[in-house]
file upload25.cif (mmCIF, C-alpha atoms)
data_my_file
loop_
_atom_site.label_atom_id
_atom_site.label_comp_id
_atom_site.auth_asym_id
_atom_site.auth_seq_id
_atom_site.Cartn_x
_atom_site.Cartn_y
_atom_site.Cartn_z
CA MET A 1 0.00 0.00 0.00
CA PRO A 2 1.19 3.51 -0.80
CA THR A 3 2.96 6.28 1.07
CA ARG A 4 2.71 9.83 -0.20
CA THR A 5 5.06 12.66 0.69
CA ALA A 6 4.84 16.44 0.90
CA ARG A 7 7.47 18.88 2.14
CA THR A 8 7.41 22.38 3.54
CA ALA A 9 10.48 24.61 3.49
CA TRP A 10 9.96 27.42 5.99
CA ASN A 11 12.09 30.53 6.51
CA GLY A 12 11.85 32.95 9.42
CA THR A 13 9.39 33.59 12.20
CA LEU A 14 5.68 32.80 12.29
CA GLU A 15 4.54 36.35 11.67
CA THR A 16 7.13 37.59 9.19
CA GLY A 17 8.34 34.32 7.67
CA SER A 18 6.92 32.24 4.87
CA GLY A 19 7.12 28.79 3.39
CA GLN A 20 6.77 26.75 0.25
CA VAL A 21 4.79 23.52 0.39
CA GLU A 22 5.60 20.94 -2.27
CA LEU A 23 3.44 18.01 -3.38
CA SER A 24 6.53 15.83 -3.54
CA SER A 25 5.20 12.44 -4.63
CA SER A 26 3.17 13.69 -7.58
CA LYS A 27 5.24 16.82 -8.29
CA VAL A 28 2.09 18.60 -9.45
CA GLY A 29 2.98 21.80 -7.66
CA THR A 30 4.73 23.93 -5.02
CA TYR A 31 2.85 26.74 -3.29
CA ASP A 32 3.59 29.64 -0.98
CA VAL A 33 2.12 29.62 2.52
CA SER A 34 2.19 32.24 5.27
CA PHE A 35 0.57 32.57 8.67
CA PRO A 36 -0.91 36.05 8.15
CA LYS A 37 -2.56 34.86 4.92
CA ARG A 38 -3.66 31.59 6.56
CA ALA A 39 -5.40 33.50 9.37
CA ALA A 40 -6.97 36.18 7.14
CA GLU A 41 -10.62 36.12 6.16
CA ASP A 42 -9.69 36.02 2.45
CA ALA A 43 -7.20 33.49 1.04
CA ASP A 44 -5.83 36.14 -1.36
CA GLY A 45 -4.42 33.59 -3.78
CA THR A 46 -2.51 31.62 -1.15
CA THR A 47 -3.25 28.07 -0.04
CA SER A 48 -3.20 27.01 3.61
CA PRO A 49 -3.27 23.86 5.73
CA GLU A 50 -7.04 24.23 6.01
CA GLU A 51 -7.57 24.43 2.24
CA LEU A 52 -5.29 21.41 1.76
CA VAL A 53 -7.28 19.41 4.34
CA ALA A 54 -10.46 20.41 2.48
CA ALA A 55 -8.93 19.10 -0.74
CA ALA A 56 -7.85 15.83 0.90
CA HIS A 57 -11.20 15.27 2.54
CA SER A 58 -13.40 16.17 -0.44
CA SER A 59 -11.44 13.88 -2.78
CA CYS A 60 -11.41 10.97 -0.30
CA PHE A 61 -15.11 11.36 0.43
CA ALA A 62 -15.96 11.40 -3.29
CA MET A 63 -14.10 8.14 -3.86
CA GLN A 64 -15.68 6.43 -0.84
CA LEU A 65 -19.16 7.56 -1.84
CA SER A 66 -18.72 6.33 -5.42
CA ALA A 67 -17.92 2.90 -3.98
CA LEU A 68 -20.82 2.88 -1.51
CA ILE A 69 -23.34 3.94 -4.16
CA ALA A 70 -22.36 0.84 -6.13
CA THR A 71 -22.57 -1.32 -3.00
CA ALA A 72 -26.11 0.00 -2.46
CA GLY A 73 -27.07 -1.01 -5.99
CA GLY A 74 -26.79 2.35 -7.75
CA THR A 75 -24.55 3.70 -10.49
CA PRO A 76 -22.65 6.89 -9.65
CA GLN A 77 -22.65 9.37 -12.52
CA SER A 78 -21.38 12.61 -10.99
CA LEU A 79 -20.68 13.80 -7.46
CA GLU A 80 -19.99 17.42 -6.57
CA VAL A 81 -18.33 17.53 -3.16
CA THR A 82 -17.47 20.73 -1.28
CA ALA A 83 -15.50 20.80 1.98
CA ASP A 84 -15.33 23.98 4.08
CA VAL A 85 -12.66 23.79 6.79
CA SER A 86 -12.70 26.38 9.56
CA LEU A 87 -9.86 27.49 11.85
CA GLY A 88 -10.51 29.16 15.19
CA PRO A 89 -9.18 29.66 18.70
CA ASP A 90 -8.79 26.53 20.83
CA PRO A 91 -10.10 27.01 24.38
CA ALA A 92 -7.21 24.74 25.44
CA GLY A 93 -4.68 27.12 23.81
CA GLY A 94 -3.58 28.08 20.33
CA PHE A 95 -5.78 27.26 17.36
CA ARG A 96 -7.76 24.26 16.22
CA LEU A 97 -9.96 23.18 13.33
CA THR A 98 -13.41 24.20 14.53
CA GLY A 99 -15.31 22.21 11.93
CA ILE A 100 -15.48 20.61 8.51
CA ALA A 101 -18.71 21.13 6.58
CA MET A 102 -19.15 18.68 3.71
CA THR A 103 -21.77 19.14 1.01
CA VAL A 104 -22.45 16.64 -1.75
CA VAL A 105 -24.86 16.78 -4.66
CA GLY A 106 -25.08 13.57 -6.66
CA GLU A 107 -26.36 12.37 -9.98
CA VAL A 108 -26.98 8.68 -9.45
CA GLU A 109 -28.91 6.00 -11.32
CA GLY A 110 -30.88 3.47 -9.38
CA LEU A 111 -30.91 4.99 -5.86
CA ASP A 112 -33.62 7.08 -4.24
CA GLU A 113 -32.75 10.12 -2.16
CA ALA A 114 -32.90 8.29 1.18
CA SER A 115 -30.53 5.59 -0.02
CA PHE A 116 -28.16 8.21 -1.44
CA VAL A 117 -28.16 10.14 1.82
CA GLN A 118 -27.44 6.92 3.73
CA ALA A 119 -24.54 6.10 1.40
CA ALA A 120 -23.20 9.64 1.93
CA GLU A 121 -23.41 9.30 5.71
CA ASP A 122 -21.59 5.98 5.48
CA ALA A 123 -18.91 7.60 3.28
CA LYS A 124 -18.49 10.37 5.85
CA ALA A 125 -17.94 7.74 8.54
CA GLY A 126 -15.79 5.37 6.52
CA CYS A 127 -13.49 7.36 4.25
CA PRO A 128 -9.87 7.07 5.43
CA ILE A 129 -9.46 10.83 5.83
CA SER A 130 -12.63 11.05 7.96
CA LYS A 131 -11.32 8.18 10.11
CA ALA A 132 -8.07 10.10 10.64
CA LEU A 133 -9.81 13.43 11.40
CA THR A 134 -11.45 12.28 14.62
CA GLY A 135 -10.41 15.44 16.46
CA VAL A 136 -12.74 17.72 14.50
CA ASP A 137 -16.53 17.86 14.05
CA ILE A 138 -17.60 16.89 10.53
CA THR A 139 -21.06 17.76 9.24
CA LEU A 140 -22.68 16.63 5.98
CA LYS A 141 -25.48 17.83 3.68
CA ALA A 142 -26.29 15.32 0.95
CA SER A 143 -28.88 15.55 -1.82
CA LEU A 144 -29.59 14.28 -5.31
CA ALA A 145 -29.31 16.78 -8.13
CA MET B 1 -11.31 33.43 11.74
CA PRO B 2 -11.06 31.90 8.30
CA THR B 3 -12.84 29.15 6.41
CA ARG B 4 -11.14 27.60 3.39
CA THR B 5 -12.89 25.60 0.69
CA ALA B 6 -11.92 22.86 -1.74
CA ARG B 7 -14.15 20.97 -4.16
CA THR B 8 -13.98 17.60 -5.86
CA ALA B 9 -15.98 16.86 -9.00
CA TRP B 10 -16.17 13.10 -9.45
CA ASN B 11 -17.46 11.14 -12.44
CA GLY B 12 -18.16 7.43 -12.54
CA THR B 13 -17.38 4.47 -10.34
CA LEU B 14 -14.54 4.05 -7.88
CA GLU B 15 -12.43 1.83 -10.09
CA THR B 16 -13.04 3.34 -13.52
CA GLY B 17 -14.05 6.90 -12.61
CA SER B 18 -11.92 9.93 -11.85
CA GLY B 19 -12.16 13.33 -10.27
CA GLN B 20 -10.76 16.83 -10.26
CA VAL B 21 -9.95 18.43 -6.92
CA GLU B 22 -9.89 22.23 -6.88
CA LEU B 23 -8.22 24.45 -4.29
CA SER B 24 -11.21 26.78 -4.41
CA SER B 25 -10.35 29.51 -1.91
CA SER B 26 -6.89 30.25 -3.25
CA LYS B 27 -7.52 29.13 -6.84
CA VAL B 28 -3.89 28.00 -7.08
CA GLY B 29 -4.77 24.79 -8.86
CA THR B 30 -7.07 21.94 -9.90
CA TYR B 31 -5.73 18.38 -10.04
CA ASP B 32 -6.82 14.98 -11.30
CA VAL B 33 -7.38 12.21 -8.77
CA SER B 34 -8.22 8.53 -9.25
CA PHE B 35 -8.51 5.55 -6.97
CA PRO B 36 -6.18 3.20 -8.91
CA LYS B 37 -3.47 5.88 -8.87
CA ARG B 38 -4.15 6.67 -5.20
CA ALA B 39 -3.68 3.04 -4.24
CA ALA B 40 -0.63 2.40 -6.44
CA GLU B 41 2.88 2.28 -5.05
CA ASP B 42 3.98 5.16 -7.32
CA ALA B 43 2.03 8.45 -7.52
CA ASP B 44 2.73 8.66 -11.27
CA GLY B 45 2.18 12.43 -11.42
CA THR B 46 -1.21 12.33 -9.69
CA THR B 47 -1.98 13.79 -6.28
CA SER B 48 -4.12 11.95 -3.71
CA PRO B 49 -5.87 12.56 -0.41
CA GLU B 50 -2.79 11.22 1.38
CA GLU B 51 -0.41 13.61 -0.39
CA LEU B 52 -2.76 16.52 0.33
CA VAL B 53 -2.88 15.59 4.03
CA ALA B 54 0.93 15.47 4.01
CA ALA B 55 0.98 18.98 2.53
CA ALA B 56 -1.51 20.29 5.08
CA HIS B 57 0.30 18.71 8.00
CA SER B 58 3.84 19.69 6.98
CA SER B 59 2.87 23.33 6.42
CA CYS B 60 0.91 23.57 9.67
CA PHE B 61 3.70 21.92 11.66
CA ALA B 62 6.30 24.29 10.18
CA MET B 63 4.28 27.33 11.24
CA GLN B 64 3.64 25.98 14.73
CA LEU B 65 7.31 25.12 15.21
CA SER B 66 8.47 28.55 14.05
CA ALA B 67 6.25 30.05 16.77
CA LEU B 68 7.42 27.65 19.50
CA ILE B 69 11.11 28.21 18.69
CA ALA B 70 10.56 31.91 19.38
CA THR B 71 8.64 31.12 22.58
CA ALA B 72 11.62 29.02 23.71
CA GLY B 73 13.96 31.95 23.13
CA GLY B 74 15.39 30.99 19.75
CA THR B 75 15.23 32.52 16.29
CA PRO B 76 13.99 30.23 13.51
CA GLN B 77 16.02 30.56 10.34
CA SER B 78 14.96 27.60 8.21
CA LEU B 79 12.88 24.49 8.78
CA GLU B 80 12.71 21.58 6.34
CA VAL B 81 9.63 19.51 7.14
CA THR B 82 8.72 16.24 5.44
CA ALA B 83 5.47 14.38 6.02
CA ASP B 84 5.00 10.80 4.78
CA VAL B 85 1.38 9.65 4.92
CA SER B 86 0.61 5.94 4.51
CA LEU B 87 -2.64 4.27 3.48
CA GLY B 88 -3.41 0.67 4.30
CA PRO B 89 -6.15 -1.81 5.06
CA ASP B 90 -8.29 -1.11 8.13
CA PRO B 91 -8.88 -4.23 10.25
CA ALA B 92 -12.34 -2.76 10.91
CA GLY B 93 -13.06 -2.63 7.15
CA GLY B 94 -12.01 -0.58 4.16
CA PHE B 95 -8.87 1.54 4.35
CA ARG B 96 -7.34 3.90 6.87
CA LEU B 97 -4.31 6.12 7.28
CA THR B 98 -1.82 3.78 8.90
CA GLY B 99 0.62 6.50 9.96
CA ILE B 100 2.09 9.94 9.43
CA ALA B 101 5.88 10.16 9.74
CA MET B 102 7.11 13.73 10.23
CA THR B 103 10.76 14.69 9.87
CA VAL B 104 12.14 18.16 10.58
CA VAL B 105 15.64 19.54 10.22
CA GLY B 106 16.08 23.05 11.58
CA GLU B 107 18.54 25.90 11.38
CA VAL B 108 17.91 27.86 14.54
CA GLU B 109 19.83 30.53 16.45
CA GLY B 110 19.87 30.41 20.21
CA LEU B 111 18.49 26.91 20.92
CA ASP B 112 20.41 23.73 21.66
CA GLU B 113 19.35 20.43 20.15
CA ALA B 114 17.36 19.28 23.19
CA SER B 115 15.35 22.51 23.26
CA PHE B 116 14.73 22.29 19.51
CA VAL B 117 13.53 18.69 19.81
CA GLN B 118 11.21 19.70 22.67
CA ALA B 119 9.79 22.56 20.58
CA ALA B 120 9.25 20.14 17.70
CA GLU B 121 7.44 17.65 19.97
CA ASP B 122 5.25 20.50 21.24
CA ALA B 123 4.51 21.56 17.64
CA LYS B 124 3.53 17.99 16.79
CA ALA B 125 1.10 18.01 19.71
CA GLY B 126 -0.22 21.53 19.26
CA CYS B 127 -0.53 22.31 15.57
CA PRO B 128 -4.19 22.54 14.53
CA ILE B 129 -3.85 19.81 11.90
CA SER B 130 -2.24 17.43 14.43
CA LYS B 131 -5.09 18.16 16.84
CA ALA B 132 -7.61 17.26 14.13
CA LEU B 133 -5.76 14.08 13.06
CA THR B 134 -6.30 12.21 16.32
CA GLY B 135 -7.35 9.04 14.51
CA VAL B 136 -3.88 8.33 13.10
CA ASP B 137 -0.49 7.66 14.69
CA ILE B 138 1.97 10.53 14.14
CA THR B 139 5.70 10.02 14.64
CA LEU B 140 8.42 12.68 14.60
CA LYS B 141 12.17 12.83 14.02
CA ALA B 142 13.64 16.26 14.81
CA SER B 143 17.25 17.43 14.56
CA LEU B 144 19.30 20.57 14.05
CA ALA B 145 21.09 20.93 10.73
#
call {"tool": "encode", "arguments": {"input": "upload25.cif", "output": "C-alpha cells"}}
result
Amino acid sequence: MPTRTARTAWNGTLETGSGQVELSSSKVGTYDVSFPKRAAEDADGTTSPEELVAAAHSSCFAMQLSALIATAGGTPQSLEVTADVSLGPDPAGGFRLTGIAMTVVGEVEGLDEASFVQAAEDAKAGCPISKALTGVDITLKASLA
Amino acid sequence: MPTRTARTAWNGTLETGSGQVELSSSKVGTYDVSFPKRAAEDADGTTSPEELVAAAHSSCFAMQLSALIATAGGTPQSLEVTADVSLGPDPAGGFRLTGIAMTVVGEVEGLDEASFVQAAEDAKAGCPISKALTGVDITLKASLA
C-alpha cells in the first residue's frame, strides 16, 4: 500500500516568515504559505493547511461515496463535493480546526434520495481521511441533483 | 477566523471513474485524482488525499514550530519539514491512514538540540492539523542541521 510525501520549506518567524509547500510524490505543484494569509478572512491567492485538508477530505469522500453507491445497488454518474474547513481559537490554547462542513450533490442512477443520503453518511464515517480526522466535528449535507 | 474551501468533482465508479480536486479559496490549482493511482505504489504524477494531508500537515507543523522556537527563546532561520502519509487496510473494514511520519531539520539561532527537539514535539502536539488528526499515529524525528 502507498505512502505519499509532501514537504514544507519554511524561513523565518511565524509572523514575518513564509514557506513553500511541495506536493513531492506527484510533483504537481509547489505553493507559498504564510501565517498572516492563513489567518486572514480572504485566502488572497494563497493556499493554507485548512484548504489542503479540504482538498484531501473532499477527494477521499468522493471516492468512498462512489464505492458505496455501487454497494447499495446504484450507479454513480457525478458527485460534486465541497469541503469547508474552519480554523478558530482553541479554548485549550492556540488554534484548532473548529469544523469541517461537507456538502455533496449527486447524480446517481438506481438509488432514491434516502438511499443516497445513507450512502453519503456511510462515506463520511468510513473514508480514510474522515477516520483520521477524529479530532474535529464533521457535518454533511447530501442531496440528489 | 477563516474558512477555506476545496471541491472535488467526481465522475463514474470508484475503479473506472476519476475526479478533479480544486483548491477553491486560493484558486492555485485543480488536479486529477483517481482511486487506482491513489492506491498504487507510485504516484505517477497524480496527487491523492494522502499527499494533500501530508501537505496540510507539513505546512501547519512548520508554522507551529516557528512560533514555538521563538517562545523558547530561539530565532527560527529555516525548517525543512517532510510528512510521509501511509494508506493501508483497516482491520475494521475498508482503508485507513496507517501512519504519518514527520521529519524536521532546523537551522535555529539560540536553541540547543534538546530545546529544539522539545519545541518540535510540542509543535507535533499543538498544531491545529495534528489536533484534528487524532485518529492516526503521528511520529516525529527532529534534529538541528
call {"tool": "residues_around", "arguments": {"input": "upload25.cif", "residues": "A:Ser66", "least_positions_apart": "4", "cutoff": "12 Å", "atoms": "only C-alpha atoms", "output": "PyMOL selection string"}}
result
(chain A and resi 59-62+70-81+104+106-109+116+119-120+122-124+127) or (chain B and resi 9-19+34-35)
call {"tool": "closest_residue", "arguments": {"input": "upload25.cif", "among": "A:Thr134, A:Gln118, A:Thr3, A:Ser58", "to": "B:Arg38", "atoms": "all atoms listed in the file"}}
result
A:Thr3
call {"tool": "resolve_selection", "arguments": {"input": "upload25.cif", "expression": "the PyMOL selection byres ((chain B and resi 46) around 7)", "output": "list in words"}}
result
Ser26 of chain A; Asp32, Val33, Lys37, Ala43, Asp44, Gly45, Thr47 and Ser48 of chain B
call {"tool": "residues_near_point", "arguments": {"input": "upload25.cif", "point": "(-18.9, 18.2, 3.8)", "cutoff": "6 Å", "atoms": "all atoms listed in the file", "output": "PyMOL selection string"}}
result
chain A and resi 82-83+101-103+139-140
call {"tool": "resolve_selection", "arguments": {"input": "upload25.cif", "expression": "the PyMOL selection byres ((chain A and resi 129) around 8)", "output": "PyMOL selection string"}}
result
(chain A and resi 56-57+60-61+127-128+130-133) or (chain B and resi 49+96-97)
call {"tool": "atom_distance", "arguments": {"input": "upload25.cif", "atom1": "atom CA of B:Lys141", "atom2": "atom CA of B:Val105"}}
result
8.5 Å
call {"tool": "atom_distance", "arguments": {"input": "upload25.cif", "atom1": "atom CA of A:Ala145", "atom2": "atom CA of A:Ser115"}}
result
13.9 Å
call {"tool": "residues_near_point", "arguments": {"input": "upload25.cif", "point": "(0.6, 4.2, -2.6)", "cutoff": "7 Å", "atoms": "only C-alpha atoms", "output": "list in words"}}
result
Met1, Pro2, Thr3 and Arg4 of chain A; Arg38, Ala39, Ala40, Glu41, Asp42, Ala43 and Leu87 of chain B
call {"tool": "closest_residue", "arguments": {"input": "upload25.cif", "among": "B:Ile100, B:Ala114, B:Val136, B:Ile69", "to": "chain A", "atoms": "only C-alpha atoms"}}
result
B:Val136
call {"tool": "closest_residue", "arguments": {"input": "upload25.cif", "among": "A:Pro36, A:Ala55, A:Gly110, A:Leu144", "to": "chain B", "atoms": "all atoms listed in the file"}}
result
A:Ala55
call {"tool": "atom_distance", "arguments": {"input": "upload25.cif", "atom1": "atom CA of A:Ala142", "atom2": "atom CA of A:Thr98"}}
result
20.7 Å
call {"tool": "closest_residue", "arguments": {"input": "upload25.cif", "among": "A:Gly135, A:Gly29, A:Gly99, A:Pro91", "to": "chain B", "atoms": "only C-alpha atoms"}}
result
A:Gly135
